[in-house]
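Peer 1: I'm passing along input10.pdb; it holds PDB, C-alpha atoms.
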```pdb
MODEL        1
ATOM      1  CA  MET A   1       0.000   0.000   0.000  1.00  0.00           C
ATOM      2  CA  THR A   2       1.380   3.413  -0.942  1.00  0.00           C
ATOM      3  CA  LEU A   3       1.105   6.481   1.267  1.00  0.00           C
ATOM      4  CA  THR A   4      -1.563   7.810  -1.083  1.00  0.00           C
ATOM      5  CA  ASP A   5      -3.533   4.555  -0.774  1.00  0.00           C
ATOM      6  CA  ALA A   6      -3.150   4.681   3.009  1.00  0.00           C
ATOM      7  CA  GLU A   7      -4.380   8.269   3.042  1.00  0.00           C
ATOM      8  CA  THR A   8      -7.438   7.358   0.958  1.00  0.00           C
ATOM      9  CA  ARG A   9      -8.287   4.496   3.313  1.00  0.00           C
ATOM     10  CA  ALA A  10      -7.710   6.651   6.394  1.00  0.00           C
ATOM     11  CA  LEU A  11     -10.074   9.312   5.114  1.00  0.00           C
ATOM     12  CA  GLN A  12     -12.724   6.691   4.297  1.00  0.00           C
ATOM     13  CA  VAL A  13     -12.566   5.546   7.913  1.00  0.00           C
ATOM     14  CA  ARG A  14     -12.708   9.177   9.089  1.00  0.00           C
ATOM     15  CA  ARG A  15     -15.966   9.653   7.154  1.00  0.00           C
ATOM     16  CA  LEU A  16     -17.451   6.741   9.114  1.00  0.00           C
ATOM     17  CA  TYR A  17     -16.325   8.319  12.391  1.00  0.00           C
ATOM     18  CA  GLU A  18     -17.907  11.601  11.281  1.00  0.00           C
ATOM     19  CA  GLN A  19     -21.234   9.844  10.741  1.00  0.00           C
ATOM     20  CA  LEU A  20     -21.037   8.347  14.223  1.00  0.00           C
ATOM     21  CA  GLU A  21     -19.999  11.661  15.801  1.00  0.00           C
ATOM     22  CA  ASP A  22     -22.860  13.439  14.065  1.00  0.00           C
ATOM     23  CA  ARG A  23     -25.296  10.829  15.332  1.00  0.00           C
ATOM     24  CA  LEU A  24     -23.981  10.876  18.918  1.00  0.00           C
ATOM     25  CA  LEU A  25     -22.872  14.504  19.315  1.00  0.00           C
ATOM     26  CA  GLY A  26     -24.873  16.322  16.668  1.00  0.00           C
ATOM     27  CA  ARG A  27     -21.582  17.510  15.156  1.00  0.00           C
ATOM     28  CA  THR A  28     -18.171  16.252  14.101  1.00  0.00           C
ATOM     29  CA  TRP A  29     -14.985  16.735  16.059  1.00  0.00           C
ATOM     30  CA  THR A  30     -13.262  20.087  15.819  1.00  0.00           C
ATOM     31  CA  LEU A  31      -9.665  20.454  14.707  1.00  0.00           C
ATOM     32  CA  PRO A  32      -8.451  20.886  18.325  1.00  0.00           C
ATOM     33  CA  GLU A  33     -10.334  17.727  19.342  1.00  0.00           C
ATOM     34  CA  LEU A  34      -8.714  15.820  16.494  1.00  0.00           C
ATOM     35  CA  ALA A  35      -5.283  17.135  17.488  1.00  0.00           C
ATOM     36  CA  LEU A  36      -5.868  16.079  21.091  1.00  0.00           C
ATOM     37  CA  GLY A  37      -6.865  12.595  19.952  1.00  0.00           C
ATOM     38  CA  PHE A  38      -3.610  12.356  18.013  1.00  0.00           C
ATOM     39  CA  THR A  39      -1.450  13.532  20.904  1.00  0.00           C
ATOM     40  CA  ASN A  40      -3.150  11.103  23.293  1.00  0.00           C
ATOM     41  CA  ASP A  41      -2.465   8.166  20.982  1.00  0.00           C
ATOM     42  CA  ALA A  42       1.109   9.327  20.320  1.00  0.00           C
ATOM     43  CA  ALA A  43       1.745   9.600  24.059  1.00  0.00           C
ATOM     44  CA  TYR A  44       0.412   6.082  24.562  1.00  0.00           C
ATOM     45  CA  VAL A  45       2.965   4.852  22.009  1.00  0.00           C
ATOM     46  CA  GLY A  46       5.592   6.107  24.453  1.00  0.00           C
ATOM     47  CA  ARG A  47       4.153   3.959  27.222  1.00  0.00           C
ATOM     48  CA  LEU A  48       3.982   0.976  24.892  1.00  0.00           C
ATOM     49  CA  VAL A  49       7.657   1.430  24.032  1.00  0.00           C
ATOM     50  CA  LEU A  50       8.399   1.355  27.759  1.00  0.00           C
ATOM     51  CA  ALA A  51       6.295  -1.801  28.035  1.00  0.00           C
ATOM     52  CA  ALA A  52       8.204  -3.358  25.129  1.00  0.00           C
ATOM     53  CA  GLU A  53      11.418  -2.631  27.061  1.00  0.00           C
ATOM     54  CA  ASN A  54       9.886  -4.168  30.221  1.00  0.00           C
ATOM     55  CA  THR A  55      10.001  -0.902  32.163  1.00  0.00           C
ATOM     56  CA  TRP A  56       6.237  -0.293  32.157  1.00  0.00           C
ATOM     57  CA  GLY A  57       3.630  -2.950  32.733  1.00  0.00           C
ATOM     58  CA  ILE A  58       0.468  -3.223  30.658  1.00  0.00           C
ATOM     59  CA  ASP A  59      -2.176  -5.887  30.258  1.00  0.00           C
ATOM     60  CA  GLY A  60      -2.367  -7.577  26.896  1.00  0.00           C
ATOM     61  CA  ASP A  61      -0.098  -8.118  23.925  1.00  0.00           C
ATOM     62  CA  VAL A  62       2.413  -5.258  23.747  1.00  0.00           C
ATOM     63  CA  ASP A  63       3.389  -5.973  20.137  1.00  0.00           C
ATOM     64  CA  ALA A  64      -0.238  -6.024  18.990  1.00  0.00           C
ATOM     65  CA  GLU A  65      -0.933  -2.802  20.878  1.00  0.00           C
ATOM     66  CA  LEU A  66       2.132  -1.143  19.334  1.00  0.00           C
ATOM     67  CA  ARG A  67       1.052  -2.117  15.827  1.00  0.00           C
ATOM     68  CA  HIS A  68      -2.435  -0.807  16.519  1.00  0.00           C
ATOM     69  CA  LYS A  69      -1.370   2.514  18.053  1.00  0.00           C
ATOM     70  CA  LEU A  70       1.318   3.220  15.451  1.00  0.00           C
ATOM     71  CA  ALA A  71      -1.261   2.613  12.725  1.00  0.00           C
ATOM     72  CA  GLU A  72      -3.723   4.892  14.522  1.00  0.00           C
ATOM     73  CA  CYS A  73      -1.078   7.610  14.754  1.00  0.00           C
ATOM     74  CA  LEU A  74      -0.544   7.381  11.010  1.00  0.00           C
ATOM     75  CA  TRP A  75      -4.314   7.604  10.572  1.00  0.00           C
ATOM     76  CA  TRP A  76      -4.396  10.760  12.696  1.00  0.00           C
ATOM     77  CA  VAL A  77      -1.634  12.339  10.584  1.00  0.00           C
ATOM     78  CA  PHE A  78      -3.679  11.811   7.428  1.00  0.00           C
ATOM     79  CA  VAL A  79      -6.851  13.127   9.088  1.00  0.00           C
ATOM     80  CA  LEU A  80      -5.102  16.220  10.441  1.00  0.00           C
ATOM     81  CA  GLY A  81      -3.375  16.772   7.119  1.00  0.00           C
ATOM     82  CA  GLU A  82      -6.684  16.805   5.302  1.00  0.00           C
ATOM     83  CA  ARG A  83      -8.226  19.250   7.777  1.00  0.00           C
ATOM     84  CA  LEU A  84      -5.190  21.545   7.535  1.00  0.00           C
ATOM     85  CA  GLY A  85      -4.884  21.351   3.757  1.00  0.00           C
ATOM     86  CA  VAL A  86      -1.578  19.461   3.845  1.00  0.00           C
ATOM     87  CA  ASP A  87      -0.864  16.846   1.180  1.00  0.00           C
ATOM     88  CA  VAL A  88       0.818  14.413   3.574  1.00  0.00           C
ATOM     89  CA  PRO A  89       2.302  12.039   0.962  1.00  0.00           C
ATOM     90  CA  ALA A  90       3.829  14.990  -0.926  1.00  0.00           C
ATOM     91  CA  ALA A  91       5.001  16.639   2.301  1.00  0.00           C
ATOM     92  CA  PHE A  92       6.587  13.379   3.437  1.00  0.00           C
ATOM     93  CA  GLU A  93       8.439  12.941   0.156  1.00  0.00           C
ATOM     94  CA  SER A  94       9.775  16.502   0.058  1.00  0.00           C
ATOM     95  CA  THR A  95      10.720  16.445   3.742  1.00  0.00           C
ATOM     96  CA  MET A  96      12.602  13.149   3.418  1.00  0.00           C
ATOM     97  CA  ASP A  97      14.382  14.485   0.315  1.00  0.00           C
ATOM     98  CA  LYS A  98      15.460  17.602   2.213  1.00  0.00           C
ATOM     99  CA  ILE A  99      16.561  15.718   5.328  1.00  0.00           C
ATOM    100  CA  GLY A 100      18.314  13.034   3.274  1.00  0.00           C
ATOM    101  CA  SER A 101      20.230  15.621   1.234  1.00  0.00           C
ATOM    102  CA  GLY A 102      21.293  17.451   4.377  1.00  0.00           C
ATOM    103  CA  LEU A 103      22.507  14.247   5.991  1.00  0.00           C
ATOM    104  CA  GLU A 104      24.398  13.222   2.860  1.00  0.00           C
ATOM    105  CA  ARG A 105      26.130  16.629   2.805  1.00  0.00           C
ATOM    106  CA  ALA A 106      27.000  16.345   6.493  1.00  0.00           C
ATOM    107  CA  LEU A 107      28.411  12.850   6.031  1.00  0.00           C
ATOM    108  CA  SER A 108      30.491  13.824   3.003  1.00  0.00           C
ATOM    109  CA  SER A 109      32.244  16.720   4.737  1.00  0.00           C
TER     110      SER A 109
ENDMDL
END
```
For this file, write the structure as structure tokens.
Peer 2:
Amino acid sequence: MTLTDAETRALQVRRLYEQLEDRLLGRTWTLPELALGFTNDAAYVGRLVLAAENTWGIDGDVDAELRHKLAECLWWVFVLGERLGVDVPAAFESTMDKIGSGLERALSS
């Protein structure tokens, strides 16, 4: 699956969440609510990393939880990107090109 395919799938799932939010809340989540959801999941990844290193205890399968939360974090990035008008696949490519070029220059000097 390409980043563009992943983004398309993520936004399909977001549309389903929006239907549920509208039904339960009478509205969809605001941008700050979406950002808070992302930061909560990203912070939980930190705890799962500690659990994977056996320095934080959790119930359940740490590896399965890590896969799930990392995938959710990627989902959040696509959702936030859409709301903010950021083409995440294009931004990722250009950012990696810039960082990679800078690192190559640093390593060659």
Peer 1: From the list A:Leu36, A:Leu16, A:Leu3, A:Leu107, which residue is nearest Leu80 (chain A) when using all atoms listed in the file?
Peer 2: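 Checking each candidate against Leu80 (chain A), we get A:Leu36 as the closest.
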Peer 1: Separation of CA of Thr2 (chain A) and CA of Leu70 (chain A), in Å?
Peer 2: 16.4 Å
Peer 1: When the PyMOL selection byres ((chain A and resi 66) around 12) is applied to the file above, which residues end up in the set, as an mmCIF file with C-alpha atoms, keeping the file's coordinate frame?
Peer 2:
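This is the output file part_39.cif:
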```cif
data_model
loop_
_atom_site.group_PDB
_atom_site.id
_atom_site.type_symbol
_atom_site.label_atom_id
_atom_site.label_comp_id
_atom_site.auth_asym_id
_atom_site.auth_seq_id
_atom_site.Cartn_x
_atom_site.Cartn_y
_atom_site.Cartn_z
ATOM 1 C CA ASP A 41 -2.465 8.166 20.982
ATOM 2 C CA ALA A 42 1.109 9.327 20.320
ATOM 3 C CA ALA A 43 1.745 9.600 24.059
ATOM 4 C CA TYR A 44 0.412 6.082 24.562
ATOM 5 C CA VAL A 45 2.965 4.852 22.009
ATOM 6 C CA GLY A 46 5.592 6.107 24.453
ATOM 7 C CA ARG A 47 4.153 3.959 27.222
ATOM 8 C CA LEU A 48 3.982 0.976 24.892
ATOM 9 C CA VAL A 49 7.657 1.430 24.032
ATOM 10 C CA LEU A 50 8.399 1.355 27.759
ATOM 11 C CA ALA A 51 6.295 -1.801 28.035
ATOM 12 C CA ALA A 52 8.204 -3.358 25.129
ATOM 13 C CA ILE A 58 0.468 -3.223 30.658
ATOM 14 C CA GLY A 60 -2.367 -7.577 26.896
ATOM 15 C CA ASP A 61 -0.098 -8.118 23.925
ATOM 16 C CA VAL A 62 2.413 -5.258 23.747
ATOM 17 C CA ASP A 63 3.389 -5.973 20.137
ATOM 18 C CA ALA A 64 -0.238 -6.024 18.990
ATOM 19 C CA GLU A 65 -0.933 -2.802 20.878
ATOM 20 C CA ARG A 67 1.052 -2.117 15.827
ATOM 21 C CA HIS A 68 -2.435 -0.807 16.519
ATOM 22 C CA LYS A 69 -1.370 2.514 18.053
ATOM 23 C CA LEU A 70 1.318 3.220 15.451
ATOM 24 C CA ALA A 71 -1.261 2.613 12.725
ATOM 25 C CA GLU A 72 -3.723 4.892 14.522
ATOM 26 C CA CYS A 73 -1.078 7.610 14.754
#
```
Peer 1: Going by the chain IDs and residue numbers used in this file, which residues fall under the PyMOL selection byres ((chain A and resi 34) around 12)? Write them as a short mmCIF file (atom, residue, chain, number, x, y, z; two decimals) with C-alpha atoms, keeping the file's coordinate frame.
Peer 2:
```
data_model
loop_
_atom_site.label_atom_id
_atom_site.label_comp_id
_atom_site.auth_asym_id
_atom_site.auth_seq_id
_atom_site.Cartn_x
_atom_site.Cartn_y
_atom_site.Cartn_z
CA ARG A 14 -12.71 9.18 9.09
CA TYR A 17 -16.32 8.32 12.39
CA GLU A 18 -17.91 11.60 11.28
CA THR A 28 -18.17 16.25 14.10
CA TRP A 29 -14.98 16.74 16.06
CA THR A 30 -13.26 20.09 15.82
CA LEU A 31 -9.66 20.45 14.71
CA PRO A 32 -8.45 20.89 18.32
CA GLU A 33 -10.33 17.73 19.34
CA ALA A 35 -5.28 17.14 17.49
CA LEU A 36 -5.87 16.08 21.09
CA GLY A 37 -6.86 12.60 19.95
CA PHE A 38 -3.61 12.36 18.01
CA THR A 39 -1.45 13.53 20.90
CA ASN A 40 -3.15 11.10 23.29
CA ASP A 41 -2.46 8.17 20.98
CA CYS A 73 -1.08 7.61 14.75
CA TRP A 75 -4.31 7.60 10.57
CA TRP A 76 -4.40 10.76 12.70
CA VAL A 77 -1.63 12.34 10.58
CA PHE A 78 -3.68 11.81 7.43
CA VAL A 79 -6.85 13.13 9.09
CA LEU A 80 -5.10 16.22 10.44
CA GLY A 81 -3.38 16.77 7.12
CA GLU A 82 -6.68 16.80 5.30
CA ARG A 83 -8.23 19.25 7.78
CA LEU A 84 -5.19 21.54 7.54
#
```
Peer 1: Quote the spacing between CA of Glu104 (chain A) and CA of Pro89 (chain A) in Å to one decimal place.
Peer 2: 22.2 Å
Peer 1: Rounded to one decimal place, report the CA of Asp87 (chain A)-CA of Gln12 (chain A) distance in Å.
Peer 2: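 A separation of 15.9 Å between them.
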Peer 1: Counting all atoms listed in the file, figure out which residue out of A:Leu103, A:Leu20, A:Ala6, A:Leu25 gets nearest to Val88 (chain A).
Peer 2: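 The shortest atom-to-atom distance to Val88 (chain A) comes from A:Ala6.
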Peer 1: Between A:Ser108, A:Thr4, A:Glu53, A:Asp22, which residue has the minimum interatomic distance to Glu93 (chain A), considering all atoms listed in the file?
Peer 2: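 Counting all atoms listed in the file, the residue closest to Glu93 (chain A) is A:Thr4.
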Peer 1: Box for region 77-82 of chain A - axis-aligned, 6 Å on each of the six sides, all listed atoms - centre and size in Å to one decimal, as AutoDock Vina command-line options.
Peer 2:
```
--center_x -4.2 --center_y 14.3 --center_z 7.9 --size_x 17.2 --size_y 17.0 --size_z 17.3
```
Peer 1: Taking the partial coordinates given, rebuild region 46-72 of chain A to contain N, CA and C atoms; return it as a PDB file, in the coordinates of the input.
Peer 2:
```
ATOM      1  N   GLY A  46       4.456   6.014  23.535  1.00  0.00           N
ATOM      2  CA  GLY A  46       5.592   6.107  24.453  1.00  0.00           C
ATOM      3  C   GLY A  46       5.496   5.097  25.585  1.00  0.00           C
ATOM      4  N   ARG A  47       4.329   4.955  26.155  1.00  0.00           N
ATOM      5  CA  ARG A  47       4.153   3.959  27.222  1.00  0.00           C
ATOM      6  C   ARG A  47       4.319   2.541  26.687  1.00  0.00           C
ATOM      7  N   LEU A  48       3.836   2.307  25.482  1.00  0.00           N
ATOM      8  CA  LEU A  48       3.982   0.976  24.892  1.00  0.00           C
ATOM      9  C   LEU A  48       5.440   0.650  24.601  1.00  0.00           C
ATOM     10  N   VAL A  49       6.217   1.649  24.224  1.00  0.00           N
ATOM     11  CA  VAL A  49       7.657   1.430  24.032  1.00  0.00           C
ATOM     12  C   VAL A  49       8.288   1.049  25.367  1.00  0.00           C
ATOM     13  N   LEU A  50       7.906   1.729  26.431  1.00  0.00           N
ATOM     14  CA  LEU A  50       8.399   1.355  27.759  1.00  0.00           C
ATOM     15  C   LEU A  50       7.991  -0.076  28.102  1.00  0.00           C
ATOM     16  N   ALA A  51       6.760  -0.436  27.773  1.00  0.00           N
ATOM     17  CA  ALA A  51       6.295  -1.801  28.035  1.00  0.00           C
ATOM     18  C   ALA A  51       7.090  -2.807  27.217  1.00  0.00           C
ATOM     19  N   ALA A  52       7.410  -2.461  25.976  1.00  0.00           N
ATOM     20  CA  ALA A  52       8.204  -3.358  25.129  1.00  0.00           C
ATOM     21  C   ALA A  52       9.606  -3.551  25.695  1.00  0.00           C
ATOM     22  N   GLU A  53      10.096  -2.554  26.425  1.00  0.00           N
ATOM     23  CA  GLU A  53      11.418  -2.631  27.061  1.00  0.00           C
ATOM     24  C   GLU A  53      11.332  -3.163  28.491  1.00  0.00           C
ATOM     25  N   ASN A  54      10.135  -3.608  28.887  1.00  0.00           N
ATOM     26  CA  ASN A  54       9.886  -4.168  30.221  1.00  0.00           C
ATOM     27  C   ASN A  54      10.130  -3.179  31.356  1.00  0.00           C
ATOM     28  N   THR A  55       9.888  -1.895  31.095  1.00  0.00           N
ATOM     29  CA  THR A  55      10.001  -0.902  32.163  1.00  0.00           C
ATOM     30  C   THR A  55       8.646  -0.304  32.530  1.00  0.00           C
ATOM     31  N   TRP A  56       7.598  -0.743  31.865  1.00  0.00           N
ATOM     32  CA  TRP A  56       6.237  -0.293  32.157  1.00  0.00           C
ATOM     33  C   TRP A  56       5.320  -1.470  31.907  1.00  0.00           C
ATOM     34  N   GLY A  57       4.517  -1.809  32.882  1.00  0.00           N
ATOM     35  CA  GLY A  57       3.630  -2.950  32.733  1.00  0.00           C
ATOM     36  C   GLY A  57       2.293  -2.571  32.117  1.00  0.00           C
ATOM     37  N   ILE A  58       1.821  -3.380  31.196  1.00  0.00           N
ATOM     38  CA  ILE A  58       0.468  -3.223  30.658  1.00  0.00           C
ATOM     39  C   ILE A  58      -0.152  -4.605  30.530  1.00  0.00           C
ATOM     40  N   ASP A  59      -1.465  -4.639  30.516  1.00  0.00           N
ATOM     41  CA  ASP A  59      -2.176  -5.887  30.258  1.00  0.00           C
ATOM     42  C   ASP A  59      -2.277  -6.075  28.752  1.00  0.00           C
ATOM     43  N   GLY A  60      -2.179  -7.297  28.311  1.00  0.00           N
ATOM     44  CA  GLY A  60      -2.367  -7.577  26.896  1.00  0.00           C
ATOM     45  C   GLY A  60      -1.067  -7.755  26.144  1.00  0.00           C
ATOM     46  N   ASP A  61      -1.202  -7.857  24.841  1.00  0.00           N
ATOM     47  CA  ASP A  61      -0.098  -8.118  23.925  1.00  0.00           C
ATOM     48  C   ASP A  61       0.541  -6.796  23.505  1.00  0.00           C
ATOM     49  N   VAL A  62       1.732  -6.525  24.014  1.00  0.00           N
ATOM     50  CA  VAL A  62       2.413  -5.258  23.747  1.00  0.00           C
ATOM     51  C   VAL A  62       2.647  -5.069  22.252  1.00  0.00           C
ATOM     52  N   ASP A  63       3.112  -6.099  21.570  1.00  0.00           N
ATOM     53  CA  ASP A  63       3.389  -5.973  20.137  1.00  0.00           C
ATOM     54  C   ASP A  63       2.124  -5.643  19.346  1.00  0.00           C
ATOM     55  N   ALA A  64       1.029  -6.303  19.680  1.00  0.00           N
ATOM     56  CA  ALA A  64      -0.238  -6.024  18.990  1.00  0.00           C
ATOM     57  C   ALA A  64      -0.701  -4.597  19.278  1.00  0.00           C
ATOM     58  N   GLU A  65      -0.552  -4.171  20.516  1.00  0.00           N
ATOM     59  CA  GLU A  65      -0.933  -2.802  20.878  1.00  0.00           C
ATOM     60  C   GLU A  65      -0.066  -1.778  20.165  1.00  0.00           C
ATOM     61  N   LEU A  66       1.235  -2.055  20.055  1.00  0.00           N
ATOM     62  CA  LEU A  66       2.132  -1.143  19.334  1.00  0.00           C
ATOM     63  C   LEU A  66       1.736  -1.026  17.866  1.00  0.00           C
ATOM     64  N   ARG A  67       1.476  -2.152  17.232  1.00  0.00           N
ATOM     65  CA  ARG A  67       1.052  -2.117  15.827  1.00  0.00           C
ATOM     66  C   ARG A  67      -0.217  -1.280  15.669  1.00  0.00           C
ATOM     67  N   HIS A  68      -1.154  -1.512  16.573  1.00  0.00           N
ATOM     68  CA  HIS A  68      -2.435  -0.807  16.519  1.00  0.00           C
ATOM     69  C   HIS A  68      -2.251   0.699  16.716  1.00  0.00           C
ATOM     70  N   LYS A  69      -1.527   1.085  17.750  1.00  0.00           N
ATOM     71  CA  LYS A  69      -1.370   2.514  18.053  1.00  0.00           C
ATOM     72  C   LYS A  69      -0.520   3.232  17.018  1.00  0.00           C
ATOM     73  N   LEU A  70       0.521   2.585  16.505  1.00  0.00           N
ATOM     74  CA  LEU A  70       1.318   3.220  15.451  1.00  0.00           C
ATOM     75  C   LEU A  70       0.469   3.441  14.201  1.00  0.00           C
ATOM     76  N   ALA A  71      -0.366   2.458  13.878  1.00  0.00           N
ATOM     77  CA  ALA A  71      -1.261   2.613  12.725  1.00  0.00           C
ATOM     78  C   ALA A  71      -2.271   3.731  12.977  1.00  0.00           C
ATOM     79  N   GLU A  72      -2.797   3.804  14.201  1.00  0.00           N
ATOM     80  CA  GLU A  72      -3.723   4.892  14.522  1.00  0.00           C
ATOM     81  C   GLU A  72      -3.046   6.251  14.420  1.00  0.00           C
TER      82      GLU A  72
END
```
